[in-house]
file run34.cif (mmCIF, C-alpha atoms)
data_target
loop_
_atom_site.label_atom_id
_atom_site.label_comp_id
_atom_site.auth_asym_id
_atom_site.auth_seq_id
_atom_site.Cartn_x
_atom_site.Cartn_y
_atom_site.Cartn_z
CA MET A 11 -20.97 15.11 -35.55
CA GLY A 12 -18.33 14.40 -32.98
CA VAL A 13 -16.12 12.52 -35.36
CA PHE A 14 -15.02 15.76 -37.10
CA ALA A 15 -14.06 17.36 -33.80
CA VAL A 16 -11.52 14.71 -32.82
CA THR A 17 -8.09 16.28 -32.34
CA PRO A 18 -4.70 14.53 -32.60
CA GLY A 19 -4.30 15.06 -28.84
CA MET A 20 -7.49 13.15 -28.23
CA LEU A 21 -6.24 10.27 -30.34
CA VAL A 22 -3.09 10.08 -28.21
CA MET A 23 -5.24 10.07 -25.08
CA TRP A 24 -7.31 7.21 -26.55
CA LEU A 25 -4.12 5.24 -26.90
CA ILE A 26 -3.13 5.98 -23.31
CA SER A 27 -6.60 4.98 -22.18
CA LEU A 28 -6.48 1.70 -24.07
CA THR A 29 -2.99 0.99 -22.72
CA LEU A 30 -4.19 1.40 -19.13
CA ILE A 31 -7.26 -0.74 -19.80
CA TYR A 32 -4.99 -3.37 -21.34
CA LEU A 33 -2.56 -3.29 -18.38
CA ALA A 34 -5.48 -3.53 -15.95
CA ILE A 35 -7.09 -6.51 -17.65
CA SER A 36 -4.18 -8.47 -19.08
CA LYS A 37 -1.43 -7.70 -16.59
CA LYS A 38 -3.75 -7.15 -13.60
CA TYR A 39 -1.95 -3.90 -12.72
CA GLU A 40 -4.18 -2.41 -10.00
CA PRO A 41 -7.24 -3.29 -12.09
CA LEU A 42 -9.74 -1.95 -9.57
CA LEU A 43 -8.39 1.52 -10.22
CA LEU A 44 -6.69 1.49 -13.59
CA LEU A 45 -9.74 0.07 -15.33
CA PRO A 46 -12.14 2.89 -14.34
CA ILE A 47 -9.31 5.43 -14.76
CA GLY A 48 -8.60 4.14 -18.26
CA PHE A 49 -12.24 4.33 -19.22
CA GLY A 50 -12.55 7.79 -17.65
CA ILE A 51 -9.70 9.00 -19.86
CA LEU A 52 -11.45 7.66 -22.94
CA ILE A 53 -14.80 9.32 -22.31
CA ALA A 54 -13.18 12.61 -21.29
CA ASN A 55 -11.46 12.69 -24.67
CA LEU A 56 -14.48 12.17 -26.84
CA PRO A 57 -15.42 15.52 -28.35
CA LEU A 58 -18.59 17.59 -27.98
CA THR A 59 -19.80 15.92 -24.80
CA ASP A 60 -20.44 17.88 -21.66
CA LEU A 61 -19.45 15.04 -19.32
CA MET A 62 -16.77 17.20 -17.69
CA LEU A 63 -18.50 20.56 -18.20
CA PRO A 64 -18.37 22.42 -14.87
CA GLY A 65 -21.78 22.71 -13.29
CA GLU A 66 -23.43 20.41 -15.81
CA GLY A 67 -21.55 17.25 -16.70
CA LEU A 68 -22.25 13.91 -15.07
CA VAL A 69 -18.62 12.98 -14.51
CA TRP A 70 -17.79 16.55 -13.50
CA ARG A 71 -20.31 16.13 -10.67
CA PHE A 72 -18.63 12.93 -9.54
CA TYR A 73 -15.32 14.78 -9.57
CA HIS A 74 -16.58 17.95 -7.95
CA TYR A 75 -18.57 16.44 -5.13
CA GLY A 76 -16.38 13.40 -4.69
CA ILE A 77 -12.85 14.70 -5.01
CA GLU A 78 -12.88 18.51 -4.91
CA TRP A 79 -15.15 18.35 -1.89
CA GLU A 80 -12.72 15.84 -0.34
CA VAL A 81 -15.33 13.16 0.18
CA ILE A 82 -13.95 10.11 -1.58
CA PRO A 83 -10.31 9.86 -0.41
CA PRO A 84 -11.37 9.99 3.28
CA LEU A 85 -14.03 7.32 2.61
CA ILE A 86 -11.34 5.12 1.08
CA PHE A 87 -9.33 5.66 4.24
CA LEU A 88 -12.35 4.60 6.31
CA GLY A 89 -12.23 1.29 4.46
CA LEU A 90 -8.45 1.01 4.75
CA GLY A 91 -8.74 1.59 8.50
CA ALA A 92 -11.29 -1.21 8.73
CA LEU A 93 -8.87 -3.48 6.85
CA THR A 94 -5.79 -2.58 8.89
CA ASP A 95 -4.45 -4.59 11.79
CA PHE A 96 -2.18 -2.36 13.84
CA GLY A 97 -0.90 -5.40 15.75
CA PRO A 98 2.39 -5.76 13.83
CA LEU A 99 3.13 -2.06 14.30
CA LEU A 100 2.33 -2.08 18.02
CA SER A 101 4.36 -5.19 18.72
CA GLN A 102 7.53 -3.64 17.23
CA PRO A 103 7.11 0.11 17.78
CA ARG A 104 10.72 0.81 16.79
CA LEU A 105 9.85 -0.16 13.20
CA ILE A 106 7.70 2.98 13.01
CA PHE A 107 10.96 4.86 12.36
CA LEU A 108 11.39 2.90 9.12
CA GLY A 109 7.98 4.09 7.95
CA ALA A 110 9.03 7.64 8.78
CA ALA A 111 12.43 7.28 7.06
CA ALA A 112 10.83 6.24 3.80
CA GLN A 113 9.06 9.60 3.66
CA ALA A 114 12.49 11.08 2.89
CA GLY A 115 11.68 10.20 -0.72
CA VAL A 116 8.71 12.55 -0.57
CA TYR A 117 10.67 15.50 0.80
CA ILE A 118 13.79 15.02 -1.32
CA THR A 119 11.66 14.83 -4.45
CA PHE A 120 9.78 17.93 -3.37
CA PHE A 121 13.05 19.87 -3.45
CA ALA A 122 14.17 18.21 -6.66
CA ALA A 123 10.89 19.11 -8.37
CA THR A 124 11.18 22.78 -7.42
CA SER A 125 14.57 22.84 -9.13
CA PHE A 126 12.92 21.56 -12.31
CA GLY A 127 10.74 24.66 -12.30
CA PHE A 128 7.61 23.30 -10.70
CA SER A 129 5.81 25.58 -8.26
CA LEU A 130 5.93 24.63 -4.57
CA GLN A 131 2.36 23.34 -4.73
CA GLU A 132 3.09 21.23 -7.80
CA ALA A 133 6.34 19.96 -6.31
CA ALA A 134 4.56 18.82 -3.13
CA THR A 135 1.99 16.94 -5.18
CA ILE A 136 4.71 15.22 -7.20
CA GLY A 137 6.76 14.38 -4.10
CA ILE A 138 3.83 12.68 -2.43
CA ILE A 139 3.80 10.09 -5.24
CA GLY A 140 6.85 8.68 -3.44
CA GLY A 141 4.55 7.62 -0.62
CA ALA A 142 2.95 5.32 -3.22
CA ASP A 143 -0.42 5.98 -1.67
CA GLY A 144 -3.17 6.69 -4.19
CA PRO A 145 -5.90 8.35 -2.10
CA THR A 146 -3.40 10.59 -0.29
CA THR A 147 -1.90 11.68 -3.61
CA ILE A 148 -5.36 12.49 -4.97
CA PHE A 149 -6.35 14.28 -1.77
CA LEU A 150 -3.29 16.53 -1.90
CA ALA A 151 -3.39 17.09 -5.66
CA ALA A 152 -7.04 18.19 -5.55
CA LYS A 153 -6.12 20.92 -3.07
CA LEU A 154 -2.71 22.04 -4.31
CA ALA A 155 -2.43 21.26 -8.01
CA PRO A 156 -5.69 19.98 -9.54
CA HIS A 157 -4.26 20.22 -13.08
CA LEU A 158 -1.69 17.53 -12.16
CA LEU A 159 -4.17 15.28 -10.40
CA GLY A 160 -4.65 12.77 -13.20
CA ALA A 161 -0.96 12.38 -13.95
CA CYS A 162 0.02 12.09 -10.28
CA ALA A 163 -2.73 9.60 -9.53
CA VAL A 164 -1.83 7.41 -12.49
CA ALA A 165 1.85 7.60 -11.52
CA ALA A 166 1.08 6.64 -7.91
CA TYR A 167 -1.14 3.71 -8.86
CA SER A 168 1.27 2.52 -11.56
CA TYR A 169 4.19 2.48 -9.16
CA MET A 170 2.07 0.65 -6.58
CA ALA A 171 1.46 -2.01 -9.21
CA LEU A 172 5.15 -2.04 -10.11
CA VAL A 173 6.36 -2.38 -6.51
CA PRO A 174 7.50 -5.99 -7.11
CA ILE A 175 9.64 -4.81 -10.02
CA ILE A 176 10.98 -1.47 -8.75
CA GLN A 177 11.87 -2.37 -5.17
CA PRO A 178 13.83 -5.65 -5.21
CA PRO A 179 16.91 -4.43 -7.14
CA ILE A 180 17.30 -1.46 -4.78
CA MET A 181 16.87 -3.64 -1.71
CA ARG A 182 19.29 -6.24 -3.05
CA LEU A 183 21.88 -3.62 -3.84
CA LEU A 184 21.79 -2.17 -0.32
CA THR A 185 21.87 -5.44 1.65
CA THR A 186 24.17 -8.43 1.94
CA GLN A 187 23.00 -12.01 1.78
CA ASN A 188 23.68 -12.35 5.50
CA GLU A 189 21.57 -9.31 6.29
CA ARG A 190 18.73 -10.68 4.23
CA ARG A 191 18.95 -13.88 6.27
CA ILE A 192 18.48 -12.14 9.60
CA ARG A 193 15.64 -13.73 11.50
CA MET A 194 13.89 -11.21 13.64
CA LYS A 195 12.74 -11.84 17.19
CA LYS A 196 9.02 -11.85 17.57
CA GLY A 197 7.54 -8.86 19.32
CA ARG A 198 5.15 -9.18 22.20
CA LYS A 199 1.56 -10.18 21.61
CA ILE A 200 -0.83 -7.26 21.43
CA GLY A 201 -4.03 -7.53 23.44
CA SER A 202 -7.42 -6.48 22.15
CA ARG A 203 -7.64 -3.62 24.63
CA GLU A 204 -4.45 -2.05 23.25
CA LYS A 205 -5.72 -2.42 19.71
CA LEU A 206 -8.96 -0.73 20.73
CA PHE A 207 -7.18 2.13 22.44
CA PHE A 208 -4.74 2.78 19.61
CA PRO A 209 -7.04 4.36 16.97
CA ILE A 210 -8.46 6.72 19.57
CA ALA A 211 -5.06 7.77 20.92
CA ALA A 212 -3.48 7.99 17.46
CA SER A 213 -6.31 10.24 16.19
CA VAL A 214 -5.86 12.63 19.07
CA VAL A 215 -2.07 12.76 18.82
CA VAL A 216 -1.75 13.01 15.03
CA ILE A 217 -4.58 15.52 14.60
CA LEU A 218 -3.26 17.71 17.41
CA LEU A 219 0.17 17.73 15.75
CA VAL A 220 -0.94 18.11 12.13
CA PRO A 221 -4.54 19.35 12.03
CA ALA A 222 -4.56 19.40 8.21
CA SER A 223 -4.24 15.60 8.18
CA ALA A 224 -7.55 15.28 10.03
CA PRO A 225 -9.85 14.30 7.13
CA LEU A 226 -7.76 11.24 6.25
CA ILE A 227 -6.50 10.28 9.71
CA SER A 228 -9.88 10.60 11.41
CA MET A 229 -11.59 8.35 8.87
CA PHE A 230 -8.70 5.87 8.91
CA MET A 231 -8.86 5.56 12.67
CA LEU A 232 -12.67 5.43 12.75
CA GLY A 233 -12.59 2.49 10.35
CA ASN A 234 -10.03 0.83 12.58
CA LEU A 235 -12.12 1.51 15.68
CA PHE A 236 -15.08 -0.21 13.98
CA ARG A 237 -12.85 -3.20 13.33
CA GLU A 238 -11.29 -3.46 16.76
CA SER A 239 -14.48 -2.74 18.72
CA LYS A 240 -15.86 -6.04 17.35
CA VAL A 241 -19.42 -4.83 18.07
CA VAL A 242 -20.23 -3.23 14.72
CA GLU A 243 -19.27 -5.96 12.28
CA ARG A 244 -21.87 -4.71 9.81
CA LEU A 245 -20.23 -1.30 9.71
CA THR A 246 -16.76 -2.81 9.46
CA ASP A 247 -17.93 -4.96 6.61
CA ALA A 248 -19.62 -2.04 4.83
CA ALA A 249 -16.51 0.15 5.17
CA GLN A 250 -14.18 -2.64 3.96
CA ASN A 251 -16.28 -3.90 1.10
CA SER A 252 -19.42 -2.28 -0.28
CA LEU A 253 -18.65 1.35 0.54
CA MET A 254 -15.02 1.00 -0.54
CA ASN A 255 -16.06 -0.62 -3.81
CA ILE A 256 -18.66 2.04 -4.55
CA VAL A 257 -16.37 4.99 -3.95
CA THR A 258 -13.55 3.29 -5.87
CA ILE A 259 -15.75 3.36 -9.00
CA PHE A 260 -16.32 7.12 -8.71
CA LEU A 261 -12.73 7.79 -7.73
CA GLY A 262 -11.28 5.96 -10.71
CA LEU A 263 -13.73 7.32 -13.23
CA SER A 264 -13.40 10.94 -12.17
CA VAL A 265 -9.60 10.82 -11.85
CA GLY A 266 -9.40 9.42 -15.36
CA ALA A 267 -11.78 12.07 -16.66
CA THR A 268 -9.52 14.89 -15.44
CA MET A 269 -6.94 13.75 -17.96
CA ASN A 270 -7.84 15.65 -21.09
CA SER A 271 -5.21 16.18 -23.73
CA GLU A 272 -4.51 19.82 -22.76
CA ASN A 273 -3.79 18.80 -19.17
CA PHE A 274 -1.91 15.62 -19.83
CA LEU A 275 0.05 15.94 -23.05
CA ARG A 276 2.69 18.29 -21.74
CA LYS A 277 6.35 17.72 -21.17
CA GLU A 278 5.88 18.34 -17.43
CA VAL A 279 4.00 15.07 -17.24
CA ILE A 280 7.10 13.13 -18.26
CA PHE A 281 8.95 14.83 -15.40
CA ILE A 282 6.13 13.88 -13.06
CA PHE A 283 6.51 10.20 -13.89
CA PHE A 284 10.28 10.41 -13.64
CA LEU A 285 10.26 12.35 -10.35
CA GLY A 286 7.55 10.12 -8.87
CA LEU A 287 9.63 7.06 -9.61
CA PHE A 288 12.70 8.76 -8.15
CA ALA A 289 10.70 9.58 -4.98
CA PHE A 290 9.61 5.99 -4.65
CA MET A 291 13.12 4.61 -5.14
CA ILE A 292 14.60 7.05 -2.61
CA GLY A 293 11.91 6.11 -0.09
CA THR A 294 12.72 2.41 -0.49
CA ALA A 295 16.42 3.07 -0.06
CA THR A 296 16.14 5.35 2.98
CA GLY A 297 13.98 2.78 4.78
CA VAL A 298 16.55 0.04 4.20
CA ILE A 299 19.45 2.30 5.14
CA LEU A 300 17.83 3.42 8.39
CA ALA A 301 17.27 -0.22 9.34
CA LYS A 302 20.98 -0.84 8.82
CA ILE A 303 21.86 2.19 10.94
CA MET A 304 19.52 1.05 13.70
CA ASN A 305 21.29 -2.32 13.65
CA LEU A 306 24.53 -0.59 14.66
CA PHE A 307 22.94 0.35 17.96
CA THR A 308 20.97 -2.75 18.88
CA SER A 309 21.68 -6.39 19.51
CA ASP A 310 18.12 -7.31 18.54
CA LYS A 311 18.82 -7.08 14.81
CA ILE A 312 16.37 -5.85 12.22
CA ASN A 313 16.35 -7.50 8.83
CA PRO A 314 17.03 -4.42 6.67
CA LEU A 315 14.68 -5.68 3.95
CA VAL A 316 11.87 -4.69 6.29
CA GLY A 317 12.89 -1.06 5.79
CA GLY A 318 11.82 -1.30 2.17
CA ALA A 319 8.23 -1.64 3.36
CA GLY A 320 8.31 1.87 4.81
CA VAL A 321 6.77 3.22 1.63
CA SER A 322 3.07 2.92 2.07
CA ALA A 323 2.05 0.61 -0.77
CA VAL A 324 0.11 -1.76 1.50
CA PRO A 325 0.51 -4.68 1.36
CA MET A 326 2.52 -4.93 -1.85
CA ALA A 327 5.74 -3.65 -0.28
CA ALA A 328 5.37 -6.07 2.66
CA ARG A 329 4.88 -8.93 0.20
CA VAL A 330 8.10 -7.99 -1.57
CA VAL A 331 9.92 -8.13 1.76
CA GLN A 332 8.48 -11.55 2.57
CA LYS A 333 9.45 -12.86 -0.85
CA MET A 334 13.00 -11.57 -0.74
CA GLY A 335 13.49 -12.78 2.83
CA ALA A 336 12.28 -16.25 1.86
CA GLU A 337 14.65 -16.27 -1.13
CA ALA A 338 17.58 -15.86 1.25
CA ASP A 339 16.21 -18.28 3.86
CA LYS A 340 13.05 -20.15 3.05
CA LYS A 341 12.03 -20.52 6.67
CA ASN A 342 12.31 -16.81 7.38
CA HIS A 343 8.94 -15.09 7.44
CA LEU A 344 9.21 -11.32 7.40
CA LEU A 345 5.68 -10.55 6.24
CA MET A 346 4.25 -9.50 9.58
CA PHE A 347 7.39 -7.59 10.56
CA ALA A 348 7.15 -5.70 7.28
CA MET A 349 3.52 -4.79 7.89
CA GLY A 350 4.60 -2.55 10.79
CA PRO A 351 6.65 -0.05 8.76
CA ASN A 352 4.23 -0.49 5.88
CA ILE A 353 1.31 0.81 7.95
CA ALA A 354 3.51 3.41 9.61
CA GLY A 355 4.36 4.50 6.07
CA VAL A 356 0.68 5.15 5.30
CA ILE A 357 0.37 7.35 8.36
CA GLY A 358 3.71 9.01 7.53
CA THR A 359 2.54 9.87 4.02
CA VAL A 360 -0.70 11.34 5.35
CA ILE A 361 1.27 13.43 7.82
CA ALA A 362 3.58 14.59 5.01
CA ALA A 363 0.50 15.61 3.01
CA GLY A 364 -0.86 17.45 6.05
CA ILE A 365 2.41 19.33 6.46
CA PHE A 366 2.41 20.35 2.79
CA LEU A 367 -1.19 21.54 3.08
CA THR A 368 -0.43 23.57 6.17
CA LEU A 369 2.58 25.25 4.60
CA LEU A 370 1.49 25.67 1.00
CA GLN A 371 -2.24 26.10 0.76
CA MET B 3 10.88 -37.50 19.94
CA ALA B 4 7.80 -35.50 19.04
CA GLN B 5 8.21 -32.07 17.53
CA GLU B 6 5.52 -29.51 16.94
CA VAL B 7 5.01 -27.75 13.61
CA LEU B 8 4.12 -24.16 14.47
CA ALA B 9 2.38 -21.57 12.36
CA ALA B 10 5.13 -19.11 11.48
CA LEU B 11 2.55 -16.40 11.01
CA ALA B 12 -1.17 -15.77 11.27
CA GLY B 13 -3.33 -16.56 8.27
CA ASN B 14 -5.58 -19.19 6.77
CA ILE B 15 -4.57 -22.72 5.91
CA TYR B 16 -4.48 -22.75 2.15
CA LYS B 17 -3.24 -26.28 1.67
CA VAL B 18 -2.39 -29.29 3.80
CA SER B 19 0.36 -31.02 1.85
CA VAL B 20 0.71 -34.18 3.97
CA ASP B 21 -1.44 -36.86 5.62
CA VAL B 22 -1.15 -38.51 9.01
CA GLY B 23 1.38 -41.33 8.70
CA ASP B 24 3.42 -39.65 5.94
CA THR B 25 7.16 -39.70 6.33
CA VAL B 26 8.73 -36.29 5.89
CA GLU B 27 12.22 -34.92 5.73
CA GLU B 28 13.37 -31.68 7.22
CA ASP B 29 12.43 -28.73 4.98
CA ASP B 30 9.64 -30.60 3.21
CA GLU B 31 6.58 -28.46 2.70
CA ILE B 32 3.86 -29.46 5.16
CA PHE B 33 1.34 -26.65 4.93
CA VAL B 34 0.73 -23.56 2.88
CA VAL B 35 -0.63 -20.63 4.87
CA GLU B 36 -2.34 -17.78 3.09
CA ALA B 37 -1.80 -14.33 4.56
CA LEU B 38 -2.36 -10.99 2.81
CA LYS B 39 -3.09 -12.93 -0.38
CA MET B 40 0.37 -14.54 -0.29
CA GLU B 41 0.84 -18.26 -0.19
CA ILE B 42 3.53 -19.00 2.34
CA PRO B 43 4.84 -22.57 2.75
CA ILE B 44 5.50 -23.96 6.20
CA TYR B 45 8.35 -26.51 6.21
CA ALA B 46 9.04 -29.51 8.42
CA PRO B 47 11.36 -28.59 11.30
CA CYS B 48 12.88 -32.13 11.37
CA ASP B 49 12.74 -35.61 9.81
CA GLY B 50 10.00 -37.96 11.00
CA THR B 51 6.46 -39.19 10.58
CA ILE B 52 3.37 -37.01 10.79
CA SER B 53 1.49 -38.31 13.81
CA LYS B 54 -1.20 -35.68 14.08
CA ILE B 55 -2.64 -32.82 12.02
CA ASN B 56 -4.66 -30.24 13.93
CA VAL B 57 -5.97 -28.09 11.08
CA LYS B 58 -7.71 -28.43 7.76
CA LYS B 59 -7.87 -26.35 4.64
CA GLY B 60 -9.57 -23.00 5.26
CA ASP B 61 -8.94 -22.86 9.02
CA ALA B 62 -7.78 -19.56 10.46
CA VAL B 63 -4.59 -19.90 12.49
CA GLU B 64 -2.75 -17.57 14.83
CA GLU B 65 1.00 -17.23 15.01
CA ASP B 66 2.60 -20.13 16.94
CA ASP B 67 -0.51 -22.34 16.80
CA VAL B 68 0.48 -26.01 16.71
CA LEU B 69 -0.48 -27.19 13.26
CA ALA B 70 0.87 -30.74 13.38
CA ILE B 71 3.09 -33.11 15.31
CA ILE B 72 6.06 -34.93 13.81
CA GLU B 73 7.49 -38.02 15.57
#
call {"tool": "encode", "arguments": {"input": "run34.cif", "output": "structure tokens"}}
result
Amino acid sequence: MGVFAVTPGMLVMWLISLTLIYLAISKKYEPLLLLPIGFGILIANLPLTDLMLPGEGLVWRFYHYGIEWEVIPPLIFLGLGALTDFGPLLSQPRLIFLGAAAQAGVYITFFAATSFGFSLQEAATIGIIGGADGPTTIFLAAKLAPHLLGACAVAAYSYMALVPIIQPPIMRLLTTQNERRIRMKKGRKIGSREKLFFPIAASVVVILLVPASAPLISMFMLGNLFRESKVVERLTDAAQNSLMNIVTIFLGLSVGATMNSENFLRKEVIFIFFLGLFAFMIGTATGVILAKIMNLFTSDKINPLVGGAGVSAVPMAARVVQKMGAEADKKNHLLMFAMGPNIAGVIGTVIAAGIFLTLLQ
Amino acid sequence: MAQEVLAALAGNIYKVSVDVGDTVEEDDEIFVVEALKMEIPIYAPCDGTISKINVKKGDAVEEDDVLAIIE
């Protein structure tokens, strides 16, 4: 009987599982992911099952063919591409730099993690949490440090859910009331032909520069091409909705199931959560600071809050910017300006992951 | 003097808070636009009376669309 094979570690994992399920349902913290992750943790920590037995288990198959074979994260990116409007980014191309600046959190944390004794591969996986992009974190972890995958994924998704709590104090600290009141000039309108051309051109450029980013970037841009072509609405709809929902189930469940007590209940995991948070805070700060530096050289001022959206938690970070901007001046709408660096941040995090893969795999 | 109420950003009209003929003061909420699952209020640019409303709840609007006229 399984009941006699329950270990204390398993009991702790049950508690963690129930906590995540509670947060998902009651607090609505990223429920689409934390609910299947939470349940995955529970079933992976019930004894004497072969759910995660390599070659045999049901959930192991989801994990192996979905994540180890790199199928699911790119499919999520296909859906994200179909949901993304590059208009805000194209109308203010200079804001791309803010999305790039926020990746400083990833690289700084990478170096910090190596000094805590993590291997280079582990450190890269932990650093990428600072991008606050779940599928990219999972994609990189599966290749570089599969034993940290569960912890890093949970950290990334938790911080995405906590964006409205983590970011505002940092952004408030680094800006003055007058800066938060800056109203930005609207960029030019972007025509449909430009939007159509962008995913094609961006695929070619990014993949030529960082070939290892191809699985994520190619699917992201294909999804966007579906959207902007306006001739395959069924495919756009499938990528955005049904396909995305289906793969999300398998992603969440199998990520949760990697978290058995031997993998998860180690002191390194505490460092992972701490370093991931650090990465995310640094990324927020560097985006805001770069916006302030850019303002020294331009008369067309940038509201530095927008820099906080350079981390890639789309669209949560952009919502935070809108909210804080409206607190300072209720007629100031920064949402669409913030979407530019926000989307640039997604691409920046994927590129960072590609660079790590190229150097460390 | 007539003044246009413009959509500050693209989205869907989530709520029309006034009727034609209502008197409004500057900074009163006139519409709520929903974008990226955020509800964003659009405020009156001046004092006056609503003489025309061009949109209804659920309509998709583009940035700078004229949503209403205040006289």
call {"tool": "atom_distance", "arguments": {"input": "run34.cif", "atom1": "CA of Pro179 in chain A", "atom2": "CA of Gly140 in chain A"}}
result
16.9 Å
call {"tool": "closest_residue", "arguments": {"input": "run34.cif", "among": "B:Ala9, B:Ile44, B:Val26, B:Ala4", "to": "chain A", "atoms": "only C-alpha atoms"}}
result
B:Ile44
call {"tool": "resolve_selection", "arguments": {"input": "run34.cif", "expression": "the PyMOL selection byres ((chain B and resi 72) around 8)", "output": "VMD selection string"}}
result
chain B and resid 4 to 7 48 to 54 70 to 71 73
call {"tool": "interface_residues", "arguments": {"input": "run34.cif", "of": "chain B", "to": "chain A", "cutoff": "12 Å", "atoms": "only C-alpha atoms", "output": "list in words"}}
result
Leu8, Ala9, Ala10, Leu11, Ala12, Gly13, Glu28, Asp29, Asp30, Glu31, Val35, Glu36, Ala37, Leu38, Lys39, Met40, Glu41, Ile42, Pro43, Ile44, Tyr45, Ala46, Pro47, Glu64, Glu65 and Asp66 of chain B
call {"tool": "atom_distance", "arguments": {"input": "run34.cif", "atom1": "CA of Phe149 in chain A", "atom2": "CA of Gln371 in chain A"}}
result
12.8 Å
call {"tool": "residues_around", "arguments": {"input": "run34.cif", "residues": "Met231 in chain A", "least_positions_apart": "6", "cutoff": "9 Å", "atoms": "all atoms listed in the file", "output": "list in words"}}
result
Phe87, Leu88, Gly91, Ala92, Phe208, Pro209, Ile210, Ala212 and Ser213 of chain A
call {"tool": "decode", "arguments": {"input": "run34.cif", "residues": "range 13-69 of chain B", "atoms": "C-alpha atoms", "output": "tab-separated table (two decimals), in the first residue's frame"}}
result
chain	number	residue	atom	x	y	z
B	13	GLY	CA	-9.51	49.12	-27.04
B	14	ASN	CA	-13.14	48.25	-26.53
B	15	ILE	CA	-15.75	50.48	-24.96
B	16	TYR	CA	-16.42	48.88	-21.62
B	17	LYS	CA	-18.83	51.45	-20.27
B	18	VAL	CA	-20.54	54.62	-21.45
B	19	SER	CA	-20.93	56.66	-18.28
B	20	VAL	CA	-23.02	59.54	-19.67
B	21	ASP	CA	-26.07	60.16	-21.87
B	22	VAL	CA	-26.68	62.76	-24.54
B	23	GLY	CA	-27.81	65.95	-22.81
B	24	ASP	CA	-25.86	65.29	-19.59
B	25	THR	CA	-23.91	68.17	-18.16
B	26	VAL	CA	-20.33	67.28	-17.37
B	27	GLU	CA	-17.42	68.98	-15.71
B	28	GLU	CA	-13.84	68.74	-16.79
B	29	ASP	CA	-12.26	65.48	-15.55
B	30	ASP	CA	-15.59	63.69	-15.13
B	31	GLU	CA	-15.44	60.12	-16.34
B	32	ILE	CA	-17.23	59.80	-19.68
B	33	PHE	CA	-16.20	56.38	-20.93
B	34	VAL	CA	-14.29	53.38	-19.73
B	35	VAL	CA	-12.16	51.73	-22.40
B	36	GLU	CA	-10.97	48.18	-21.92
B	37	ALA	CA	-7.53	47.37	-23.28
B	38	LEU	CA	-5.34	44.41	-22.33
B	39	LYS	CA	-7.92	43.50	-19.69
B	40	MET	CA	-7.49	46.89	-17.99
B	41	GLU	CA	-10.35	49.26	-17.50
B	42	ILE	CA	-9.13	52.71	-18.37
B	43	PRO	CA	-11.38	55.75	-17.76
B	44	ILE	CA	-11.58	58.50	-20.35
B	45	TYR	CA	-12.26	61.91	-18.77
B	46	ALA	CA	-14.02	65.00	-20.09
B	47	PRO	CA	-11.53	67.46	-21.60
B	48	CYS	CA	-13.71	70.47	-20.61
B	49	ASP	CA	-16.99	71.54	-18.97
B	50	GLY	CA	-20.15	71.36	-21.08
B	51	THR	CA	-23.06	69.29	-22.27
B	52	ILE	CA	-22.78	66.00	-24.12
B	53	SER	CA	-24.29	66.69	-27.53
B	54	LYS	CA	-23.40	63.47	-29.28
B	55	ILE	CA	-22.12	59.99	-28.44
B	56	ASN	CA	-20.63	58.01	-31.31
B	57	VAL	CA	-20.03	54.65	-29.64
B	58	LYS	CA	-21.81	52.10	-27.52
B	59	LYS	CA	-20.72	49.49	-25.06
B	60	GLY	CA	-18.67	46.75	-26.72
B	61	ASP	CA	-17.54	48.80	-29.73
B	62	ALA	CA	-13.90	48.50	-30.77
B	63	VAL	CA	-12.19	51.88	-31.02
B	64	GLU	CA	-8.86	52.99	-32.42
B	65	GLU	CA	-6.62	55.59	-30.84
B	66	ASP	CA	-7.89	59.15	-31.50
B	67	ASP	CA	-11.35	58.03	-32.63
B	68	VAL	CA	-13.95	60.67	-31.73
B	69	LEU	CA	-16.06	59.08	-29.04
